[in-house]
file coords_11.tsv (TSV, C-alpha atoms)
chain	number	residue	atom	x	y	z
A	1	LEU	CA	0.00	0.00	0.00
A	2	LEU	CA	2.59	2.51	-1.10
A	3	ASN	CA	-0.15	4.89	-2.15
A	4	ALA	CA	-1.59	4.90	1.37
A	5	ILE	CA	1.83	5.44	2.88
A	6	ASN	CA	2.38	8.43	0.62
A	7	GLY	CA	-1.07	9.85	1.27
A	8	LEU	CA	-2.31	9.11	-2.26
A	9	PRO	CA	-5.74	7.70	-3.19
A	10	VAL	CA	-6.22	4.00	-2.52
A	11	SER	CA	-8.85	1.83	-4.19
A	12	ASP	CA	-11.45	0.05	-2.07
A	13	ASP	CA	-10.17	-3.32	-3.31
A	14	GLU	CA	-6.58	-2.56	-2.29
A	15	VAL	CA	-7.55	-1.57	1.23
A	16	THR	CA	-10.01	-4.47	1.55
A	17	ASP	CA	-7.36	-7.03	0.54
A	18	TYR	CA	-4.80	-5.54	2.89
A	19	ILE	CA	-6.99	-5.38	6.00
A	20	ASP	CA	-8.74	-8.72	5.39
A	21	ASN	CA	-5.34	-10.43	5.25
A	22	SER	CA	-3.89	-8.67	8.27
A	23	ILE	CA	-6.64	-8.71	10.92
A	24	ASP	CA	-6.61	-11.40	13.58
A	25	ASP	CA	-10.11	-12.16	14.90
A	26	SER	CA	-8.92	-11.67	18.48
A	27	ASP	CA	-7.82	-8.13	17.66
A	28	VAL	CA	-11.08	-6.95	16.07
A	29	ILE	CA	-12.63	-3.69	17.28
A	30	ASP	CA	-16.34	-3.62	16.51
A	31	LEU	CA	-17.42	-0.42	14.74
A	32	SER	CA	-20.85	-1.57	13.61
A	33	ASN	CA	-22.65	0.67	16.09
A	34	LEU	CA	-21.28	3.82	14.46
A	35	GLN	CA	-23.75	5.71	12.33
A	36	PRO	CA	-23.21	6.75	8.67
A	37	GLN	CA	-22.11	10.21	9.84
A	38	ALA	CA	-18.87	8.58	11.05
A	39	PHE	CA	-17.83	8.01	7.45
A	40	GLY	CA	-17.02	11.09	5.43
A	41	THR	CA	-14.57	13.94	5.14
A	42	PRO	CA	-13.32	16.61	7.55
A	43	LYS	CA	-15.68	19.57	7.99
A	44	ASN	CA	-14.71	23.22	8.02
A	45	GLU	CA	-17.87	23.90	10.02
A	46	SER	CA	-16.43	21.88	12.90
A	47	GLY	CA	-13.27	23.92	12.71
A	48	GLU	CA	-15.23	27.16	12.84
A	49	ALA	CA	-17.19	25.95	15.87
A	50	LEU	CA	-13.96	25.02	17.63
A	51	ALA	CA	-12.42	28.39	16.80
A	52	ALA	CA	-15.16	29.97	18.91
A	53	TRP	CA	-14.43	27.63	21.84
A	54	THR	CA	-12.54	28.99	24.86
A	55	GLU	CA	-11.19	27.33	27.98
A	56	SER	CA	-14.08	28.85	29.92
A	57	SER	CA	-16.61	27.02	27.74
A	58	LEU	CA	-18.88	24.51	29.45
A	59	MET	CA	-18.13	21.79	26.90
A	60	ASN	CA	-14.88	20.05	26.03
A	61	PRO	CA	-13.40	21.12	22.68
A	62	GLU	CA	-14.04	17.76	21.00
A	63	GLU	CA	-17.74	18.12	21.84
A	64	THR	CA	-18.14	20.99	19.37
A	65	GLY	CA	-17.67	18.85	16.26
A	66	GLU	CA	-20.28	17.73	13.74
A	67	TYR	CA	-18.88	14.23	13.45
A	68	ALA	CA	-20.18	10.96	14.90
A	69	GLU	CA	-20.36	11.43	18.67
A	70	GLY	CA	-18.65	14.78	18.07
A	71	ASP	CA	-15.14	13.62	17.18
A	72	ILE	CA	-15.16	10.23	15.40
A	73	LEU	CA	-14.42	10.33	11.68
A	74	ILE	CA	-13.48	7.51	9.32
A	75	PRO	CA	-12.39	8.77	5.89
A	76	LYS	CA	-14.47	7.76	2.89
A	77	TYR	CA	-11.57	6.11	1.09
A	78	THR	CA	-11.42	3.22	3.57
A	79	ARG	CA	-13.01	-0.06	2.56
A	80	ASN	CA	-16.65	-0.90	3.20
A	81	GLY	CA	-15.61	-3.52	5.75
A	82	VAL	CA	-14.28	-0.84	8.03
A	83	ARG	CA	-17.92	-0.02	8.71
A	84	ASP	CA	-17.93	-3.25	10.72
A	85	HIS	CA	-14.51	-3.44	12.32
A	86	ALA	CA	-11.05	-2.02	12.80
A	87	SER	CA	-8.20	-3.71	14.65
A	88	ARG	CA	-5.75	-3.21	17.47
A	89	TRP	CA	-2.19	-2.09	16.90
A	90	PRO	CA	0.13	-5.13	16.83
A	91	ARG	CA	2.09	-5.38	20.08
A	92	GLY	CA	0.73	-1.95	21.02
A	93	ILE	CA	3.22	-0.18	18.75
A	94	ILE	CA	1.78	2.91	17.05
A	95	PRO	CA	4.00	4.69	14.50
A	96	TYR	CA	3.24	8.40	14.30
A	97	VAL	CA	4.30	11.59	12.59
A	98	ILE	CA	3.40	15.15	13.57
A	99	GLU	CA	2.57	17.21	10.49
A	100	GLY	CA	0.55	19.90	12.23
A	101	ARG	CA	1.76	23.44	12.69
A	102	TYR	CA	2.14	23.74	16.44
A	103	ASN	CA	4.12	26.11	18.57
A	104	GLN	CA	6.57	24.65	21.07
A	105	GLN	CA	4.11	24.63	23.96
A	106	GLN	CA	1.48	22.83	21.89
A	107	ARG	CA	4.01	20.28	20.63
A	108	ASP	CA	5.14	19.74	24.22
A	109	THR	CA	1.52	19.01	25.20
A	110	ILE	CA	1.31	16.31	22.52
A	111	MET	CA	4.61	14.80	23.62
A	112	LYS	CA	3.55	14.85	27.29
A	113	ALA	CA	0.42	12.90	26.33
A	114	ILE	CA	2.56	10.33	24.54
A	115	ALA	CA	4.89	10.20	27.55
A	116	ASP	CA	1.89	9.43	29.79
A	117	TYR	CA	1.00	6.45	27.62
A	118	HIS	CA	4.59	5.24	27.83
A	119	ARG	CA	4.76	5.73	31.60
A	120	LEU	CA	1.44	4.13	32.46
A	121	THR	CA	0.78	1.54	29.74
A	122	CYS	CA	2.57	-0.84	27.41
A	123	LEU	CA	1.59	1.23	24.35
A	124	ARG	CA	4.54	2.65	22.44
A	125	PHE	CA	4.22	5.57	20.04
A	126	VAL	CA	7.26	5.38	17.79
A	127	PRO	CA	8.39	7.89	15.14
A	128	TYR	CA	7.18	6.91	11.68
A	129	SER	CA	9.94	5.37	9.58
A	130	GLY	CA	8.14	3.82	6.64
A	131	GLN	CA	5.74	1.47	8.45
A	132	THR	CA	2.63	0.43	6.54
A	133	ASP	CA	0.17	1.49	9.24
A	134	TYR	CA	0.64	4.77	11.10
A	135	ILE	CA	-1.10	7.87	12.39
A	136	VAL	CA	-0.57	11.43	11.24
A	137	ILE	CA	-1.23	14.18	13.79
A	138	LYS	CA	-2.51	17.24	11.94
A	139	SER	CA	-3.74	20.72	12.84
A	140	ALA	CA	-6.24	21.38	10.04
A	141	ASN	CA	-9.08	23.77	10.84
A	142	THR	CA	-11.60	20.93	11.00
A	143	GLY	CA	-11.82	20.42	14.78
A	144	CYS	CA	-10.76	17.58	17.06
A	145	TRP	CA	-11.32	14.14	15.56
A	146	SER	CA	-9.93	10.66	15.09
A	147	SER	CA	-10.84	7.28	13.65
A	148	VAL	CA	-11.23	4.32	16.02
A	149	GLY	CA	-8.56	1.63	16.11
A	150	ARG	CA	-6.13	0.69	13.35
A	151	LEU	CA	-7.72	1.03	9.91
A	152	GLY	CA	-4.68	0.13	7.83
A	153	GLY	CA	-2.34	2.50	6.00
A	154	ARG	CA	-2.16	6.21	6.81
A	155	GLN	CA	-4.83	7.50	9.18
A	156	GLU	CA	-5.22	10.96	10.64
A	157	VAL	CA	-5.76	12.37	14.11
A	158	ASN	CA	-6.67	16.03	13.86
A	159	LEU	CA	-5.81	18.34	16.74
A	160	GLN	CA	-6.73	21.83	15.62
A	161	SER	CA	-4.75	24.46	17.45
A	162	PRO	CA	-5.14	25.98	19.86
A	163	GLY	CA	-8.38	24.37	21.09
A	164	CYS	CA	-7.49	20.68	20.77
A	165	VAL	CA	-4.04	21.12	22.33
A	166	SER	CA	-5.01	23.41	25.19
A	167	LYS	CA	-5.30	20.47	27.60
A	168	ILE	CA	-3.35	17.24	27.70
A	169	GLY	CA	-6.60	15.34	28.26
A	170	THR	CA	-7.97	16.31	24.85
A	171	VAL	CA	-4.85	14.93	23.18
A	172	LEU	CA	-5.09	11.76	25.28
A	173	HIS	CA	-8.77	11.48	24.32
A	174	GLU	CA	-8.22	11.62	20.56
A	175	LEU	CA	-5.22	9.29	20.69
A	176	LEU	CA	-7.27	6.85	22.75
A	177	HIS	CA	-9.82	6.72	19.93
A	178	ALA	CA	-6.96	5.82	17.58
A	179	VAL	CA	-5.85	3.15	20.06
A	180	GLY	CA	-9.29	1.58	19.77
A	181	PHE	CA	-11.68	3.01	22.39
A	182	MET	CA	-15.15	4.51	22.13
A	183	HIS	CA	-16.69	7.04	24.52
A	184	GLU	CA	-17.35	5.92	28.08
A	185	GLN	CA	-20.99	7.10	28.23
A	186	SER	CA	-21.73	4.95	25.16
A	187	ARG	CA	-21.44	1.82	27.30
A	188	PRO	CA	-24.66	-0.25	27.30
A	189	GLU	CA	-25.09	0.02	31.09
A	190	ARG	CA	-24.62	3.78	31.23
A	191	ASP	CA	-28.24	4.48	32.23
A	192	ASP	CA	-27.45	2.85	35.58
A	193	PHE	CA	-24.87	5.57	36.21
A	194	VAL	CA	-25.97	8.75	34.41
A	195	THR	CA	-29.14	10.49	33.32
A	196	VAL	CA	-29.28	11.90	29.78
A	197	ASN	CA	-31.43	15.03	29.55
A	198	TYR	CA	-32.57	14.88	25.94
A	199	ASN	CA	-34.58	18.10	26.27
A	200	ASN	CA	-31.31	20.02	26.66
A	201	ILE	CA	-29.50	18.48	23.67
A	202	LYS	CA	-29.28	20.57	20.53
A	203	SER	CA	-31.35	19.30	17.63
A	204	GLY	CA	-29.57	16.70	15.53
A	205	SER	CA	-27.07	15.77	18.25
A	206	GLU	CA	-29.28	13.27	20.07
A	207	ILE	CA	-27.66	10.47	18.09
A	208	ASN	CA	-24.37	11.20	19.84
A	209	PHE	CA	-25.85	9.71	23.01
A	210	ARG	CA	-26.54	6.27	21.56
A	211	LYS	CA	-25.47	3.25	23.58
A	212	GLU	CA	-23.33	0.37	22.36
A	213	ASP	CA	-24.90	-3.01	21.68
A	214	PRO	CA	-24.26	-5.08	24.84
A	215	LYS	CA	-23.49	-8.10	22.66
A	216	ARG	CA	-20.66	-6.23	20.92
A	217	GLU	CA	-19.26	-3.89	23.56
A	218	ASN	CA	-16.15	-5.01	25.46
A	219	ASP	CA	-15.42	-3.32	28.79
A	220	PHE	CA	-12.33	-5.49	29.42
A	221	GLY	CA	-13.56	-6.17	32.93
A	222	ILE	CA	-13.47	-2.51	34.01
A	223	PRO	CA	-16.53	-0.95	35.74
A	224	TYR	CA	-18.17	2.24	34.48
A	225	ASP	CA	-15.83	5.17	35.04
A	226	TYR	CA	-17.24	8.66	35.60
A	227	ASN	CA	-13.73	10.10	35.49
A	228	SER	CA	-12.58	8.49	32.27
A	229	VAL	CA	-10.87	10.87	29.87
A	230	MET	CA	-13.28	9.36	27.31
A	231	HIS	CA	-16.44	10.51	29.14
A	232	TYR	CA	-18.55	13.41	27.86
A	233	SER	CA	-18.79	16.53	30.00
A	234	GLU	CA	-22.07	17.38	31.72
A	235	TYR	CA	-22.83	20.04	29.09
A	236	ALA	CA	-21.92	18.07	25.96
A	237	PHE	CA	-23.96	19.28	22.95
A	238	SER	CA	-26.17	21.48	25.13
A	239	LYS	CA	-28.52	23.86	23.33
A	240	ASN	CA	-29.35	26.00	26.35
A	241	SER	CA	-26.32	25.89	28.72
A	242	LYS	CA	-28.14	23.30	30.83
A	243	LYS	CA	-26.72	19.88	31.63
A	244	THR	CA	-27.26	17.16	29.05
A	245	ILE	CA	-25.79	14.34	31.14
A	246	GLU	CA	-25.67	14.03	34.93
A	247	PRO	CA	-24.20	11.43	37.27
A	248	LYS	CA	-26.62	9.47	39.47
A	249	VAL	CA	-24.27	9.84	42.44
A	250	GLY	CA	-23.03	13.04	43.98
A	251	GLY	CA	-19.52	14.40	44.25
A	252	VAL	CA	-18.19	13.37	40.87
A	253	LYS	CA	-17.27	15.37	37.78
A	254	LEU	CA	-17.94	14.07	34.31
A	255	GLY	CA	-15.56	14.44	31.43
A	256	GLN	CA	-12.31	15.57	33.09
A	257	ARG	CA	-9.48	16.33	30.68
A	258	GLU	CA	-6.56	16.37	33.11
A	259	GLY	CA	-5.19	12.90	32.40
A	260	LEU	CA	-5.87	9.19	32.12
A	261	SER	CA	-7.90	7.82	35.01
A	262	ARG	CA	-6.87	4.62	36.75
A	263	SER	CA	-9.63	2.78	34.93
A	264	ASP	CA	-8.50	4.17	31.56
A	265	VAL	CA	-5.03	2.77	32.23
A	266	LYS	CA	-6.36	-0.61	33.33
A	267	LYS	CA	-8.62	-0.86	30.29
A	268	ILE	CA	-5.78	-0.04	27.90
A	269	ASN	CA	-3.49	-2.57	29.52
A	270	ASN	CA	-6.20	-5.23	29.56
A	271	MET	CA	-6.97	-4.60	25.89
A	272	TYR	CA	-3.31	-4.97	24.95
A	273	ASN	CA	-2.56	-7.82	27.40
A	274	CYS	CA	-0.12	-5.71	29.40
A	275	LYS	CA	0.89	-6.62	32.97
A	276	LYS	CA	2.28	-3.20	33.81
A	277	GLU	CA	1.49	-2.03	37.35
A	278	GLU	CA	-0.23	1.32	37.91
A	279	PRO	CA	1.77	3.81	40.02
A	280	GLN	CA	1.01	3.79	43.72
A	281	THR	CA	3.61	6.30	44.87
A	282	GLY	CA	5.60	9.17	43.41
A	283	TRP	CA	4.28	12.23	41.65
A	284	VAL	CA	2.08	10.32	39.18
A	285	GLY	CA	0.35	8.42	41.98
A	286	SER	CA	-0.04	11.60	44.01
A	287	ILE	CA	-1.60	13.49	41.11
A	288	TRP	CA	-4.00	10.62	40.45
A	289	GLN	CA	-5.04	10.54	44.07
A	290	SER	CA	-5.58	14.30	44.23
A	291	LEU	CA	-7.56	14.34	40.97
A	292	PHE	CA	-9.62	11.20	41.27
A	293	GLY	CA	-9.30	9.80	44.80
A	294	ASP	CA	-11.28	6.57	44.92
A	295	LYS	CA	-13.98	7.80	42.53
A	296	THR	CA	-12.60	6.34	39.32
A	297	LYS	CA	-14.53	3.10	39.79
A	298	HIS	CA	-18.20	2.65	40.52
A	299	ASN	CA	-19.79	-0.76	40.84
call {"tool": "encode", "arguments": {"input": "coords_11.tsv", "output": "structure tokens"}}
result
Amino acid sequence: LLNAINGLPVSDDEVTDYIDNSIDDSDVIDLSNLQPQAFGTPKNESGEALAAWTESSLMNPEETGEYAEGDILIPKYTRNGVRDHASRWPRGIIPYVIEGRYNQQQRDTIMKAIADYHRLTCLRFVPYSGQTDYIVIKSANTGCWSSVGRLGGRQEVNLQSPGCVSKIGTVLHELLHAVGFMHEQSRPERDDFVTVNYNNIKSGSEINFRKEDPKRENDFGIPYDYNSVMHYSEYAFSKNSKKTIEPKVGGVKLGQREGLSRSDVKKINNMYNCKKEEPQTGWVGSIWQSLFGDKTKHN
């Protein structure tokens, strides 16, 4: 797939043959619950909406997009089969290249996010050096978005500056989509933990609050996590500055973007069969405790 590596058009048959021959059934990531809006092209409208976002906004930056669930986009050139599944990254190794125009502080934020994955999980983001499958981190004015899992060939993660690189958690969020994870509040049991206020959701965005099919969703043995970096904020897609999603227990915040929660780390390591221990002491453990305490897991 030299064309894919070089960013040139690839025929459906070429991509189909490549992915069908390279996916192991045990590594499949089910994408069948995604709606048709997940498949398309980047939207300037999403970039314009993000340009109006500020750090004082009630929503997270990736919740301003007009993509599936706000920030999931699978390019049209990928094969039809990708509508059903993607795959994990072999051995957790993810080649990447940064093509976006970022200042030093923004680039540092991206690299700190990658460093967190290296410190806490077995995932390894390695500089692209001609690998067939890899991610390209861009800064196009089309918002914050990513595909889910490994699609095969070149795939993009867009982090529009400055909004998508203002917090490390937004970078972690989009990269975690590329790793293979959906949003936390899409879990089939979410109604046991949160209330969705559909009357406050802007028209056309109700579909973003769909739940996964319980027969297809894989939680990797990790309970629902209010503090996951993959959880929507309480005001996601609000039309009236009122909460669209609320926890059913008090004292928790939804949709933090400060870092990976303990449950995020455990889920990643379970997905990629990693035995790495989470930090209990030191500055990482202290930050986790101060941010999340014991509220990262709810049975």
call {"tool": "closest_residue", "arguments": {"input": "coords_11.tsv", "among": "A:Phe209, A:Tyr128, A:Tyr198, A:Tyr224", "to": "Thr244 of chain A", "atoms": "all atoms listed in the file"}}
result
A:Tyr198
call {"tool": "residues_around", "arguments": {"input": "coords_11.tsv", "residues": "Ser129 of chain A", "least_positions_apart": "5", "cutoff": "10 Å", "atoms": "all atoms listed in the file", "output": "PyMOL selection string"}}
result
chain A and resi 95-97+134
call {"tool": "write_last_selection", "arguments": {"input": "coords_11.tsv", "atoms": "C-alpha atoms", "output": "PDB file, in the frame of the given file"}}
result
ATOM      1  CA  PRO A  95       4.000   4.690  14.500  1.00  0.00           C
ATOM      2  CA  TYR A  96       3.240   8.400  14.300  1.00  0.00           C
ATOM      3  CA  VAL A  97       4.300  11.590  12.590  1.00  0.00           C
ATOM      4  CA  TYR A 134       0.640   4.770  11.100  1.00  0.00           C
TER       5      TYR A 134
END
call {"tool": "closest_residue", "arguments": {"input": "coords_11.tsv", "among": "A:Arg257, A:Gln160, A:Ile268, A:Cys274", "to": "Ala51 of chain A", "atoms": "all atoms listed in the file"}}
result
A:Gln160
call {"tool": "atom_distance", "arguments": {"input": "coords_11.tsv", "atom1": "atom CA of Leu73 of chain A", "atom2": "atom CA of Lys267 of chain A"}}
result
22.5 Å
call {"tool": "residues_near_point", "arguments": {"input": "coords_11.tsv", "point": "(1.4, 10.1, 20.5)", "cutoff": "7 Å", "atoms": "only C-alpha atoms", "output": "number ranges by chain"}}
result
A: 96, 110-111, 113-114, 125, 175
call {"tool": "atom_distance", "arguments": {"input": "coords_11.tsv", "atom1": "atom CA of Glu55 of chain A", "atom2": "atom CA of Lys266 of chain A"}}
result
28.9 Å
call {"tool": "atom_distance", "arguments": {"input": "coords_11.tsv", "atom1": "atom CA of Asp71 of chain A", "atom2": "atom CA of Ser146 of chain A"}}
result
6.3 Å
call {"tool": "residues_near_point", "arguments": {"input": "coords_11.tsv", "point": "(-8.0, 14.3, 30.4)", "cutoff": "6 Å", "atoms": "all atoms listed in the file", "output": "ChimeraX atom specification"}}
result
/A:169-170,229,256-260
call {"tool": "write_last_selection", "arguments": {"input": "coords_11.tsv", "atoms": "C-alpha atoms", "output": "mmCIF file, keeping the file's coordinate frame"}}
result
data_model
loop_
_atom_site.group_PDB
_atom_site.id
_atom_site.type_symbol
_atom_site.label_atom_id
_atom_site.label_comp_id
_atom_site.auth_asym_id
_atom_site.auth_seq_id
_atom_site.Cartn_x
_atom_site.Cartn_y
_atom_site.Cartn_z
ATOM 1 C CA GLY A 169 -6.600 15.340 28.260
ATOM 2 C CA THR A 170 -7.970 16.310 24.850
ATOM 3 C CA VAL A 229 -10.870 10.870 29.870
ATOM 4 C CA GLN A 256 -12.310 15.570 33.090
ATOM 5 C CA ARG A 257 -9.480 16.330 30.680
ATOM 6 C CA GLU A 258 -6.560 16.370 33.110
ATOM 7 C CA GLY A 259 -5.190 12.900 32.400
ATOM 8 C CA LEU A 260 -5.870 9.190 32.120
#
call {"tool": "residues_around", "arguments": {"input": "coords_11.tsv", "residues": "Lys239 of chain A", "least_positions_apart": "6", "cutoff": "9 Å", "atoms": "only C-alpha atoms", "output": "PyMOL selection string"}}
result
chain A and resi 199-203
call {"tool": "closest_residue", "arguments": {"input": "coords_11.tsv", "among": "A:Ser32, A:Tyr272, A:Arg154, A:Glu174", "to": "Arg88 of chain A", "atoms": "all atoms listed in the file"}}
result
A:Tyr272
call {"tool": "residues_around", "arguments": {"input": "coords_11.tsv", "residues": "Tyr235 of chain A", "least_positions_apart": "6", "cutoff": "10 Å", "atoms": "all atoms listed in the file", "output": "ChimeraX atom specification"}}
result
/A:57-60,63,197,200-201,241-246,254-255
call {"tool": "closest_residue", "arguments": {"input": "coords_11.tsv", "among": "A:Arg216, A:Lys43, A:Arg262, A:Arg150", "to": "Gly180 of chain A", "atoms": "all atoms listed in the file"}}
result
A:Arg150
call {"tool": "build_atoms", "arguments": {"input": "coords_11.tsv", "residues": "segment 154-164 of chain A", "atoms": "all heavy atoms", "output": "compact mmCIF listing (two decimals), keeping the file's coordinate frame"}}
result
# COMPACT_ATOMS: atom_id res chain seq x y z
N ARG A 154 -2.25 4.90 6.15
CA ARG A 154 -2.16 6.21 6.81
C ARG A 154 -3.53 6.58 7.37
O ARG A 154 -4.54 6.48 6.68
CB ARG A 154 -1.72 7.25 5.77
CG ARG A 154 -1.80 8.70 6.23
CD ARG A 154 -1.59 9.62 5.04
NE ARG A 154 -1.89 11.02 5.38
CZ ARG A 154 -0.97 11.96 5.56
NH1 ARG A 154 0.31 11.66 5.40
NH2 ARG A 154 -1.31 13.19 5.87
N GLN A 155 -3.58 6.99 8.62
CA GLN A 155 -4.83 7.50 9.18
C GLN A 155 -4.52 8.73 10.01
O GLN A 155 -3.45 8.85 10.60
CB GLN A 155 -5.55 6.44 10.00
CG GLN A 155 -4.85 5.98 11.27
CD GLN A 155 -5.59 4.82 11.92
OE1 GLN A 155 -5.55 3.70 11.43
NE2 GLN A 155 -6.26 5.09 13.04
N GLU A 156 -5.48 9.65 10.05
CA GLU A 156 -5.22 10.96 10.64
C GLU A 156 -5.88 11.11 12.00
O GLU A 156 -6.95 10.56 12.27
CB GLU A 156 -5.72 12.05 9.69
CG GLU A 156 -4.98 12.08 8.37
CD GLU A 156 -5.51 13.14 7.42
OE1 GLU A 156 -6.50 13.82 7.77
OE2 GLU A 156 -4.95 13.28 6.32
N VAL A 157 -5.21 11.87 12.85
CA VAL A 157 -5.76 12.37 14.11
C VAL A 157 -5.63 13.88 14.03
O VAL A 157 -4.51 14.40 13.94
CB VAL A 157 -5.00 11.83 15.33
CG1 VAL A 157 -5.52 12.48 16.61
CG2 VAL A 157 -5.12 10.31 15.41
N ASN A 158 -6.75 14.58 14.00
CA ASN A 158 -6.67 16.03 13.86
C ASN A 158 -6.80 16.72 15.21
O ASN A 158 -7.75 16.49 15.95
CB ASN A 158 -7.76 16.55 12.92
CG ASN A 158 -7.42 17.94 12.38
OD1 ASN A 158 -6.55 18.07 11.51
ND2 ASN A 158 -8.08 18.97 12.89
N LEU A 159 -5.82 17.55 15.52
CA LEU A 159 -5.81 18.34 16.74
C LEU A 159 -5.64 19.80 16.35
O LEU A 159 -4.53 20.32 16.29
CB LEU A 159 -4.67 17.88 17.66
CG LEU A 159 -4.71 16.44 18.15
CD1 LEU A 159 -3.42 16.09 18.89
CD2 LEU A 159 -5.92 16.22 19.06
N GLN A 160 -6.77 20.42 16.03
CA GLN A 160 -6.73 21.83 15.62
C GLN A 160 -6.18 22.67 16.76
O GLN A 160 -6.55 22.49 17.92
CB GLN A 160 -8.15 22.28 15.25
CG GLN A 160 -8.24 23.74 14.83
CD GLN A 160 -9.66 24.12 14.42
OE1 GLN A 160 -10.41 23.29 13.92
NE2 GLN A 160 -10.04 25.36 14.63
N SER A 161 -5.30 23.58 16.42
CA SER A 161 -4.75 24.46 17.45
C SER A 161 -5.49 25.82 17.39
O SER A 161 -5.93 26.25 16.33
CB SER A 161 -3.25 24.68 17.21
OG SER A 161 -3.02 25.32 15.98
N PRO A 162 -5.66 26.43 18.57
CA PRO A 162 -5.14 25.98 19.86
C PRO A 162 -6.09 25.09 20.65
O PRO A 162 -5.68 24.47 21.62
CB PRO A 162 -4.93 27.30 20.61
CG PRO A 162 -6.04 28.18 20.11
CD PRO A 162 -6.22 27.81 18.65
N GLY A 163 -7.38 25.00 20.26
CA GLY A 163 -8.38 24.37 21.09
C GLY A 163 -8.09 22.92 21.47
O GLY A 163 -8.24 22.54 22.63
N CYS A 164 -7.67 22.10 20.50
CA CYS A 164 -7.49 20.68 20.77
C CYS A 164 -6.19 20.37 21.51
O CYS A 164 -5.99 19.23 21.96
CB CYS A 164 -7.51 19.89 19.47
SG CYS A 164 -8.98 20.14 18.46
